[in-house]
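The file upload.txt contains compact mmCIF, C-alpha atoms:
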# COMPACT_ATOMS: atom_id res chain seq x y z
CA MET A 1 10.31 22.04 -1.63
CA ASP A 2 9.46 23.23 1.87
CA LEU A 3 7.64 20.34 3.56
CA HIS A 4 6.28 22.65 6.28
CA ILE A 5 7.27 20.37 9.16
CA LYS A 6 10.01 22.49 10.70
CA GLY A 7 9.63 22.41 14.48
CA ARG A 8 7.72 19.12 14.46
CA LYS A 9 8.84 16.17 16.59
CA ALA A 10 9.51 12.67 15.27
CA ILE A 11 10.30 9.26 16.67
CA VAL A 12 12.22 7.07 14.23
CA CYS A 13 12.53 3.48 15.44
CA ALA A 14 15.60 1.32 14.83
CA SER A 15 17.44 4.29 13.39
CA SER A 16 21.15 3.93 14.12
CA THR A 17 21.82 2.38 10.69
CA GLY A 18 20.22 1.68 7.33
CA LEU A 19 16.79 2.94 6.34
CA GLY A 20 15.90 4.19 9.81
CA ARG A 21 19.03 6.30 10.01
CA ALA A 22 18.43 7.72 6.54
CA CYS A 23 14.86 8.69 7.44
CA ALA A 24 15.98 10.36 10.66
CA LEU A 25 18.59 12.33 8.72
CA ALA A 26 16.07 13.41 6.08
CA LEU A 27 13.61 14.61 8.72
CA SER A 28 16.34 16.43 10.64
CA ARG A 29 17.27 18.29 7.45
CA GLU A 30 13.67 19.53 7.35
CA GLY A 31 14.02 21.05 10.81
CA VAL A 32 12.29 18.23 12.68
CA THR A 33 13.48 17.28 16.15
CA VAL A 34 14.22 13.58 15.86
CA VAL A 35 14.29 10.92 18.54
CA ILE A 36 16.40 8.04 17.30
CA ASN A 37 16.53 4.58 18.76
CA ALA A 38 18.69 1.46 18.86
CA ARG A 39 19.72 -1.28 21.26
CA THR A 40 23.46 -0.61 21.02
CA ALA A 41 24.57 2.58 22.79
CA GLU A 42 27.84 3.07 20.92
CA THR A 43 26.29 2.93 17.45
CA LEU A 44 23.32 5.03 18.56
CA GLU A 45 25.44 7.84 19.99
CA ALA A 46 27.66 7.90 16.91
CA THR A 47 24.62 8.24 14.66
CA ALA A 48 23.14 11.01 16.82
CA ARG A 49 26.42 12.92 16.63
CA GLU A 50 26.67 12.48 12.85
CA ILE A 51 23.11 13.71 12.25
CA ARG A 52 23.63 16.74 14.50
CA GLU A 53 26.83 17.62 12.64
CA ALA A 54 25.16 17.19 9.25
CA THR A 55 22.00 19.19 9.96
CA GLY A 56 22.52 21.26 13.09
CA GLY A 57 19.24 19.85 14.34
CA GLU A 58 18.17 18.52 17.71
CA VAL A 59 18.67 14.76 17.98
CA ILE A 60 17.68 12.75 21.05
CA ALA A 61 19.14 9.26 21.37
CA VAL A 62 17.18 6.62 23.26
CA GLN A 63 18.72 3.21 23.87
CA ALA A 64 15.82 0.78 23.94
CA ASP A 65 14.57 -2.52 22.57
CA ILE A 66 11.22 -1.72 20.98
CA THR A 67 10.15 -5.36 21.07
CA THR A 68 9.73 -4.96 24.84
CA GLU A 69 7.13 -2.99 26.79
CA GLU A 70 9.89 -1.28 28.76
CA GLY A 71 11.71 -0.25 25.59
CA ARG A 72 8.60 1.19 23.96
CA ALA A 73 7.69 3.06 27.13
CA ARG A 74 11.16 4.60 27.28
CA LEU A 75 10.93 5.73 23.68
CA VAL A 76 7.45 7.24 24.06
CA ALA A 77 8.48 8.98 27.29
CA ALA A 78 11.29 10.73 25.40
CA CYS A 79 8.75 12.26 23.00
CA PRO A 80 5.17 11.81 24.25
CA GLU A 81 3.80 14.44 21.85
CA ALA A 82 5.41 13.11 18.69
CA ASP A 83 3.93 14.48 15.47
CA ILE A 84 5.66 11.84 13.34
CA LEU A 85 6.30 8.17 13.92
CA VAL A 86 8.46 6.12 11.59
CA ASN A 87 8.13 2.46 12.47
CA ASN A 88 11.10 0.32 11.56
CA ASN A 89 12.77 -2.83 12.83
CA ALA A 90 15.10 -5.51 11.53
CA GLY A 91 13.33 -8.19 9.54
CA PRO A 92 13.43 -11.94 10.20
CA ALA A 93 16.19 -13.93 8.57
CA PRO A 94 15.28 -15.74 5.35
CA GLY A 95 14.82 -19.47 5.65
CA LYS A 96 12.65 -22.46 4.85
CA PHE A 97 9.05 -23.07 5.85
CA GLN A 98 9.80 -26.44 7.43
CA ASP A 99 12.42 -24.86 9.67
CA TRP A 100 10.03 -22.34 11.25
CA GLY A 101 8.11 -23.31 14.34
CA ARG A 102 5.97 -21.47 16.85
CA ASP A 103 8.89 -19.61 18.42
CA GLN A 104 10.08 -18.21 15.09
CA TYR A 105 6.62 -16.93 14.18
CA LEU A 106 6.11 -15.36 17.60
CA GLU A 107 9.46 -13.59 17.35
CA ALA A 108 8.65 -12.27 13.87
CA PHE A 109 5.25 -10.97 14.96
CA GLU A 110 6.71 -9.43 18.12
CA SER A 111 9.28 -7.48 16.12
CA ASN A 112 7.48 -6.62 12.90
CA MET A 113 3.80 -6.45 13.82
CA LEU A 114 3.20 -5.96 17.55
CA ALA A 115 6.04 -3.51 18.22
CA PRO A 116 4.91 -1.00 15.56
CA VAL A 117 1.20 -1.45 16.35
CA LEU A 118 1.80 -0.75 20.03
CA MET A 119 3.93 2.31 19.22
CA ILE A 120 1.04 3.60 17.12
CA ARG A 121 -1.42 2.83 19.91
CA ALA A 122 0.63 4.88 22.37
CA LEU A 123 1.00 7.97 20.18
CA LEU A 124 -2.17 8.01 18.10
CA PRO A 125 -4.56 9.62 20.62
CA GLY A 126 -2.30 12.65 21.01
CA MET A 127 -1.84 13.02 17.27
CA ARG A 128 -5.60 12.94 16.72
CA ALA A 129 -6.23 15.44 19.51
CA ARG A 130 -3.64 17.87 18.06
CA LYS A 131 -5.01 17.36 14.51
CA PHE A 132 -1.66 16.44 13.01
CA GLY A 133 0.08 13.10 12.72
CA ARG A 134 2.18 11.25 10.20
CA ILE A 135 2.83 7.54 10.65
CA VAL A 136 5.08 5.75 8.17
CA ASN A 137 5.72 2.04 8.50
CA ILE A 138 8.79 0.65 6.80
CA THR A 139 7.60 -2.79 5.75
CA SER A 140 8.82 -4.82 2.77
CA ALA A 141 8.16 -5.63 -0.86
CA MET A 142 7.29 -9.09 0.49
CA VAL A 143 3.92 -7.70 1.61
CA LYS A 144 2.77 -7.52 -2.02
CA SER A 145 5.17 -10.02 -3.60
CA PRO A 146 5.50 -12.93 -1.13
CA ARG A 147 8.41 -15.32 -1.58
CA ALA A 148 8.82 -18.63 0.17
CA HIS A 149 12.17 -17.86 1.81
CA GLN A 150 10.75 -14.64 3.33
CA GLY A 151 7.63 -16.23 4.78
CA LEU A 152 8.22 -14.88 8.28
CA SER A 153 8.60 -11.32 7.01
CA THR A 154 5.58 -11.66 4.73
CA SER A 155 3.28 -12.91 7.48
CA ALA A 156 4.17 -10.36 10.16
CA ARG A 157 4.35 -7.31 7.93
CA THR A 158 1.18 -8.13 6.06
CA ALA A 159 -0.59 -8.31 9.43
CA LEU A 160 0.76 -4.84 10.29
CA THR A 161 -0.44 -3.56 6.91
CA ALA A 162 -3.93 -4.91 7.53
CA VAL A 163 -4.27 -3.33 10.97
CA CYS A 164 -3.06 0.03 9.71
CA LYS A 165 -5.37 -0.04 6.70
CA ALA A 166 -8.28 -0.73 9.02
CA ILE A 167 -7.60 2.25 11.30
CA SER A 168 -6.34 4.71 8.66
CA SER A 169 -9.87 5.40 7.40
CA GLU A 170 -10.74 6.65 10.88
CA THR A 171 -7.59 8.64 11.63
CA VAL A 172 -7.40 10.67 8.42
CA VAL A 173 -10.37 12.84 9.41
CA ASP A 174 -8.14 14.18 12.18
CA ASN A 175 -5.25 14.83 9.76
CA VAL A 176 -3.39 11.73 10.90
CA THR A 177 -2.16 9.68 7.96
CA ILE A 178 -0.80 6.15 8.03
CA ASN A 179 1.18 4.85 5.07
CA ASN A 180 3.65 2.08 4.35
CA LEU A 181 6.91 2.15 2.43
CA LEU A 182 7.82 -1.14 0.76
CA PRO A 183 11.56 -1.29 0.01
CA GLU A 184 13.29 -3.79 -2.23
CA ARG A 185 17.01 -3.90 -3.01
CA ILE A 186 17.91 -0.70 -1.19
CA ASP A 187 21.64 -0.48 -0.53
CA THR A 188 21.74 -1.01 3.25
CA PRO A 189 23.53 -3.33 5.70
CA ARG A 190 20.51 -5.63 5.36
CA GLN A 191 21.18 -5.84 1.62
CA GLN A 192 24.81 -6.62 2.34
CA PHE A 193 23.70 -9.52 4.56
CA LEU A 194 21.44 -10.85 1.80
CA THR A 195 24.21 -10.50 -0.77
CA GLU A 196 26.63 -12.45 1.43
CA ARG A 197 23.96 -15.13 1.83
CA GLN A 198 23.49 -15.29 -1.94
CA ALA A 199 27.23 -15.61 -2.50
CA ARG A 200 27.41 -18.55 -0.07
CA MET A 201 24.43 -20.26 -1.69
CA ASP A 202 25.85 -19.86 -5.22
CA GLY A 203 29.50 -20.40 -4.33
CA THR A 204 30.43 -17.11 -6.01
CA SER A 205 32.18 -13.90 -5.01
CA TYR A 206 30.43 -11.07 -3.21
CA ASP A 207 30.62 -8.84 -6.29
CA GLU A 208 29.11 -11.53 -8.50
CA ALA A 209 26.28 -12.09 -6.05
CA ARG A 210 25.67 -8.34 -5.80
CA GLN A 211 25.41 -8.06 -9.57
CA LYS A 212 23.06 -11.03 -9.70
CA LEU A 213 20.73 -9.37 -7.18
CA ALA A 214 20.96 -5.98 -8.89
CA ASP A 215 19.93 -7.63 -12.14
CA THR A 216 16.65 -8.69 -10.52
CA VAL A 217 15.71 -5.00 -10.26
CA ALA A 218 14.05 -3.44 -13.29
CA ALA A 219 16.34 -0.42 -12.92
CA LYS A 220 19.37 -2.77 -12.87
CA ARG A 221 20.78 -1.17 -9.75
CA PHE A 222 20.20 -0.98 -6.02
CA GLY A 223 18.24 1.94 -4.65
CA THR A 224 19.95 4.47 -2.40
CA VAL A 225 18.92 5.15 1.16
CA GLU A 226 18.53 8.82 0.22
CA GLU A 227 15.93 7.98 -2.43
CA PHE A 228 14.00 5.99 0.14
CA ALA A 229 14.30 8.55 2.94
CA ASP A 230 13.18 11.47 0.79
CA MET A 231 9.91 9.67 0.08
CA CYS A 232 9.51 9.06 3.81
CA ALA A 233 10.05 12.75 4.51
CA PHE A 234 7.46 13.73 1.89
CA LEU A 235 4.86 11.39 3.42
CA CYS A 236 5.49 13.23 6.70
CA SER A 237 4.88 16.62 5.10
CA THR A 238 1.91 18.95 5.33
CA GLN A 239 1.41 18.49 1.59
CA ALA A 240 0.86 14.73 2.00
CA SER A 241 -2.30 15.10 4.09
CA PHE A 242 -4.48 13.49 1.37
CA ILE A 243 -2.31 10.36 1.08
CA CYS A 244 -3.44 7.74 3.57
CA GLY A 245 -3.64 3.97 3.82
CA GLN A 246 -1.24 3.45 0.93
CA ASN A 247 1.54 0.96 0.19
CA ILE A 248 4.25 2.70 -1.79
CA GLN A 249 6.84 0.57 -3.57
CA ILE A 250 10.43 1.81 -3.49
CA ASP A 251 11.83 -0.86 -5.78
CA GLY A 252 13.20 0.55 -9.01
CA GLY A 253 10.05 -0.39 -10.92
CA SER A 254 10.33 -4.09 -10.08
CA TYR A 255 6.81 -4.79 -8.80
CA LYS A 256 4.94 -6.69 -11.51
CA GLY A 257 1.37 -6.17 -10.35
CA LEU A 258 -1.17 -3.48 -11.15
CA ILE A 259 -2.34 -2.73 -7.62
Mind converting the file's structure to structure tokens?
Amino acid sequence: MDLHIKGRKAIVCASSTGLGRACALALSREGVTVVINARTAETLEATAREIREATGGEVIAVQADITTEEGRARLVAACPEADILVNNNAGPAPGKFQDWGRDQYLEAFESNMLAPVLMIRALLPGMRARKFGRIVNITSAMVKSPRAHQGLSTSARTALTAVCKAISSETVVDNVTINNLLPERIDTPRQQFLTERQARMDGTSYDEARQKLADTVAAKRFGTVEEFADMCAFLCSTQASFICGQNIQIDGGSYKGLI
């Protein structure tokens, strides 16, 4: 399917590895110029080179910390007329409610609510003026299925979801859509970290812990980054102009609710 976004420009945040990298690669394959971002120069440059080699597309690498005003400004300056914004950032570590104080909540909100909201704020006026914009927030299944050990992630990302739902009803008239992708058990470095944590907690091997986590998925397997990224690319397409303000589960059928 031709997504009709060849020649568009995209900023993909936190995109040197994992889901962000996969989304940047998928968009580059569609002929989109992608601006990728990370804090570590070596990893960032390697990813940029790999995407260029895979797609032949234009890839601009911007080393920046998007949790800072300076970092966000640097990223926006690299692509001030972005047609597509994919918001992504590492999630807070799992833990226990009694262990989280004010500093932990502020850090979670800085990374997973304020950073994406302020990126949207910077780019949204231009998108609306040009009558085309696609904003995809990579959030978490925890938004709709909160779990105690992921309380920091749940709180910050649900706040982001609420803000975006509130403004999406105003932006869609200008052909600017805002949607959220909710991953669960996608095979990324983040999943590897969680598997290692599970193995330590259970006193089992990595493979045993991985199987235990895979068995929690209705599909009985982890999702691939390609499956996730292709949905992201579709939400950025011309064809997806009537999809706005939605939370789309990428979870192998695991979500138990109706809505």
Enumerate, in order of chain and increasing residue number, the residues of segment 80-176 of chain A with an atom no farther than 10 Å from segment 35-45 of chain A, each with its shortest atom pair and distance in Å to one decimal, counting only C-alpha atoms, as JSON lines.
{"residue": "A:Ala82", "atom": "CA", "partner": "A:Val35", "partner_atom": "CA", "distance": 9.1}
{"residue": "A:Leu85", "atom": "CA", "partner": "A:Val35", "partner_atom": "CA", "distance": 9.6}
{"residue": "A:Val86", "atom": "CA", "partner": "A:Ile36", "partner_atom": "CA", "distance": 10.0}
{"residue": "A:Asn88", "atom": "CA", "partner": "A:Asn37", "partner_atom": "CA", "distance": 10.0}
{"residue": "A:Asn89", "atom": "CA", "partner": "A:Ala38", "partner_atom": "CA", "distance": 9.5}
With C-alpha atoms retained, could you export that selection as a JSON list (two decimals), in the coordinates of the input?
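Result went into result-v6.json, see below:
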[["chain", "number", "residue", "atom", "x", "y", "z"],
["A", 82, "ALA", "CA", 5.41, 13.11, 18.69],
["A", 85, "LEU", "CA", 6.30, 8.17, 13.92],
["A", 86, "VAL", "CA", 8.46, 6.12, 11.59],
["A", 88, "ASN", "CA", 11.10, 0.32, 11.56],
["A", 89, "ASN", "CA", 12.77, -2.83, 12.83]]
- Item | Given only C-alpha atoms as the counted atoms, nearest of A:Ala148, A:Ala48, A:Ala73, A:Ala233 to Lys6 of chain A | A:Ala233
- Message: Just want the 12 Å neighbourhood of segment 169-173 of chain A, counted on all atoms listed in the file, with same-chain residues fewer than 4 positions away dropped. Output as a count of residues only.
- Response: 28
- Task: Using all atoms listed in the file, find all polymer residues with an atom at most 6 Å away from the point (7.3, 19.0, 9.7); report them as a list in words.
- Result: His4, Ile5, Lys6, Arg8, Val32 and Ser237 of chain A
- Val117 of chain A environment, 10 Å, only C-alpha atoms, sequence neighbours closer than 4 positions dropped, as a PyMOL selection string: chain A and resi 87+110+112-113+121-122+137+159-161+163-164
Output C-alpha atoms for every residue in that selection, as a PDB file, keeping the file's coordinate frame.
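part.pdb, written as the output of this step:
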ATOM      1  CA  ASN A  87       8.130   2.460  12.470  1.00  0.00           C
ATOM      2  CA  GLU A 110       6.710  -9.430  18.120  1.00  0.00           C
ATOM      3  CA  ASN A 112       7.480  -6.620  12.900  1.00  0.00           C
ATOM      4  CA  MET A 113       3.800  -6.450  13.820  1.00  0.00           C
ATOM      5  CA  ARG A 121      -1.420   2.830  19.910  1.00  0.00           C
ATOM      6  CA  ALA A 122       0.630   4.880  22.370  1.00  0.00           C
ATOM      7  CA  ASN A 137       5.720   2.040   8.500  1.00  0.00           C
ATOM      8  CA  ALA A 159      -0.590  -8.310   9.430  1.00  0.00           C
ATOM      9  CA  LEU A 160       0.760  -4.840  10.290  1.00  0.00           C
ATOM     10  CA  THR A 161      -0.440  -3.560   6.910  1.00  0.00           C
ATOM     11  CA  VAL A 163      -4.270  -3.330  10.970  1.00  0.00           C
ATOM     12  CA  CYS A 164      -3.060   0.030   9.710  1.00  0.00           C
TER      13      CYS A 164
END
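Here atom CA of Leu3 of chain A stands at a distance of 11.9 Å from atom CA of Ser28 of chain A.
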- Task: Considering only C-alpha atoms, state which residue in the set A:Val59, A:Ile11, A:Val136, A:Ala199 is at the smallest distance from Ala77 of chain A.
- Result: A:Ile11
- Using all atoms listed in the file, what residues lie at most 9 Å away from (11.5, 15.4, 11.2) (file coordinates), given as an NGL selection string? :A and (5-12 or 23-34 or 83-84 or 233 or 236)
Resulting file, chosen residues, C-alpha atoms, as an mmCIF file, in the coordinates of the input:
data_model
loop_
_atom_site.group_PDB
_atom_site.id
_atom_site.type_symbol
_atom_site.label_atom_id
_atom_site.label_comp_id
_atom_site.auth_asym_id
_atom_site.auth_seq_id
_atom_site.Cartn_x
_atom_site.Cartn_y
_atom_site.Cartn_z
ATOM 1 C CA ILE A 5 7.270 20.370 9.160
ATOM 2 C CA LYS A 6 10.010 22.490 10.700
ATOM 3 C CA GLY A 7 9.630 22.410 14.480
ATOM 4 C CA ARG A 8 7.720 19.120 14.460
ATOM 5 C CA LYS A 9 8.840 16.170 16.590
ATOM 6 C CA ALA A 10 9.510 12.670 15.270
ATOM 7 C CA ILE A 11 10.300 9.260 16.670
ATOM 8 C CA VAL A 12 12.220 7.070 14.230
ATOM 9 C CA CYS A 23 14.860 8.690 7.440
ATOM 10 C CA ALA A 24 15.980 10.360 10.660
ATOM 11 C CA LEU A 25 18.590 12.330 8.720
ATOM 12 C CA ALA A 26 16.070 13.410 6.080
ATOM 13 C CA LEU A 27 13.610 14.610 8.720
ATOM 14 C CA SER A 28 16.340 16.430 10.640
ATOM 15 C CA ARG A 29 17.270 18.290 7.450
ATOM 16 C CA GLU A 30 13.670 19.530 7.350
ATOM 17 C CA GLY A 31 14.020 21.050 10.810
ATOM 18 C CA VAL A 32 12.290 18.230 12.680
ATOM 19 C CA THR A 33 13.480 17.280 16.150
ATOM 20 C CA VAL A 34 14.220 13.580 15.860
ATOM 21 C CA ASP A 83 3.930 14.480 15.470
ATOM 22 C CA ILE A 84 5.660 11.840 13.340
ATOM 23 C CA ALA A 233 10.050 12.750 4.510
ATOM 24 C CA CYS A 236 5.490 13.230 6.700
#
- Which residue out of A:Glu107, A:Asp215, A:Glu50, A:Asp251 has the minimum interatomic distance to Ala22 of chain A when all atoms listed in the file are used?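 Counting all atoms listed in the file, the residue closest to Ala22 of chain A is A:Glu50.
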- Using only C-alpha atoms, which residue out of A:Ser16, A:Thr224, A:Gln191, A:Thr139 lies closest to Ser153 of chain A? A:Thr139
- Message: I need the residue nearest Leu258 of chain A from this list: A:Ser145, A:Glu226, A:Arg21, A:Thr238. Use only C-alpha atoms for the distance.
- Response: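 Residue with the minimum atom-to-atom distance to Leu258 of chain A: A:Ser145.
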- Query: Which is closer to Ser254 of chain A than all the others in A:Arg190, A:Lys144, A:Arg200, A:Arg72, using only C-alpha atoms?
  - Reply: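 Selected residue with least distance to Ser254 of chain A: A:Lys144.
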- Distance atom CA of Ala141 of chain A-atom CA of Leu194 of chain A, one decimal place? 14.5 Å
Which centre and edge lengths in Å to one decimal define the box along x, y and z that fits every listed atom of segment 166-171 of chain A plus 3 Å per side, as JSON?
{"center_x": -8.5, "center_y": 4.0, "center_z": 9.5, "size_x": 10.4, "size_y": 15.4, "size_z": 10.2}
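In this model, the gap between atom CA of Gly253 of chain A and atom CA of Ala214 of chain A comes to 12.4 Å.
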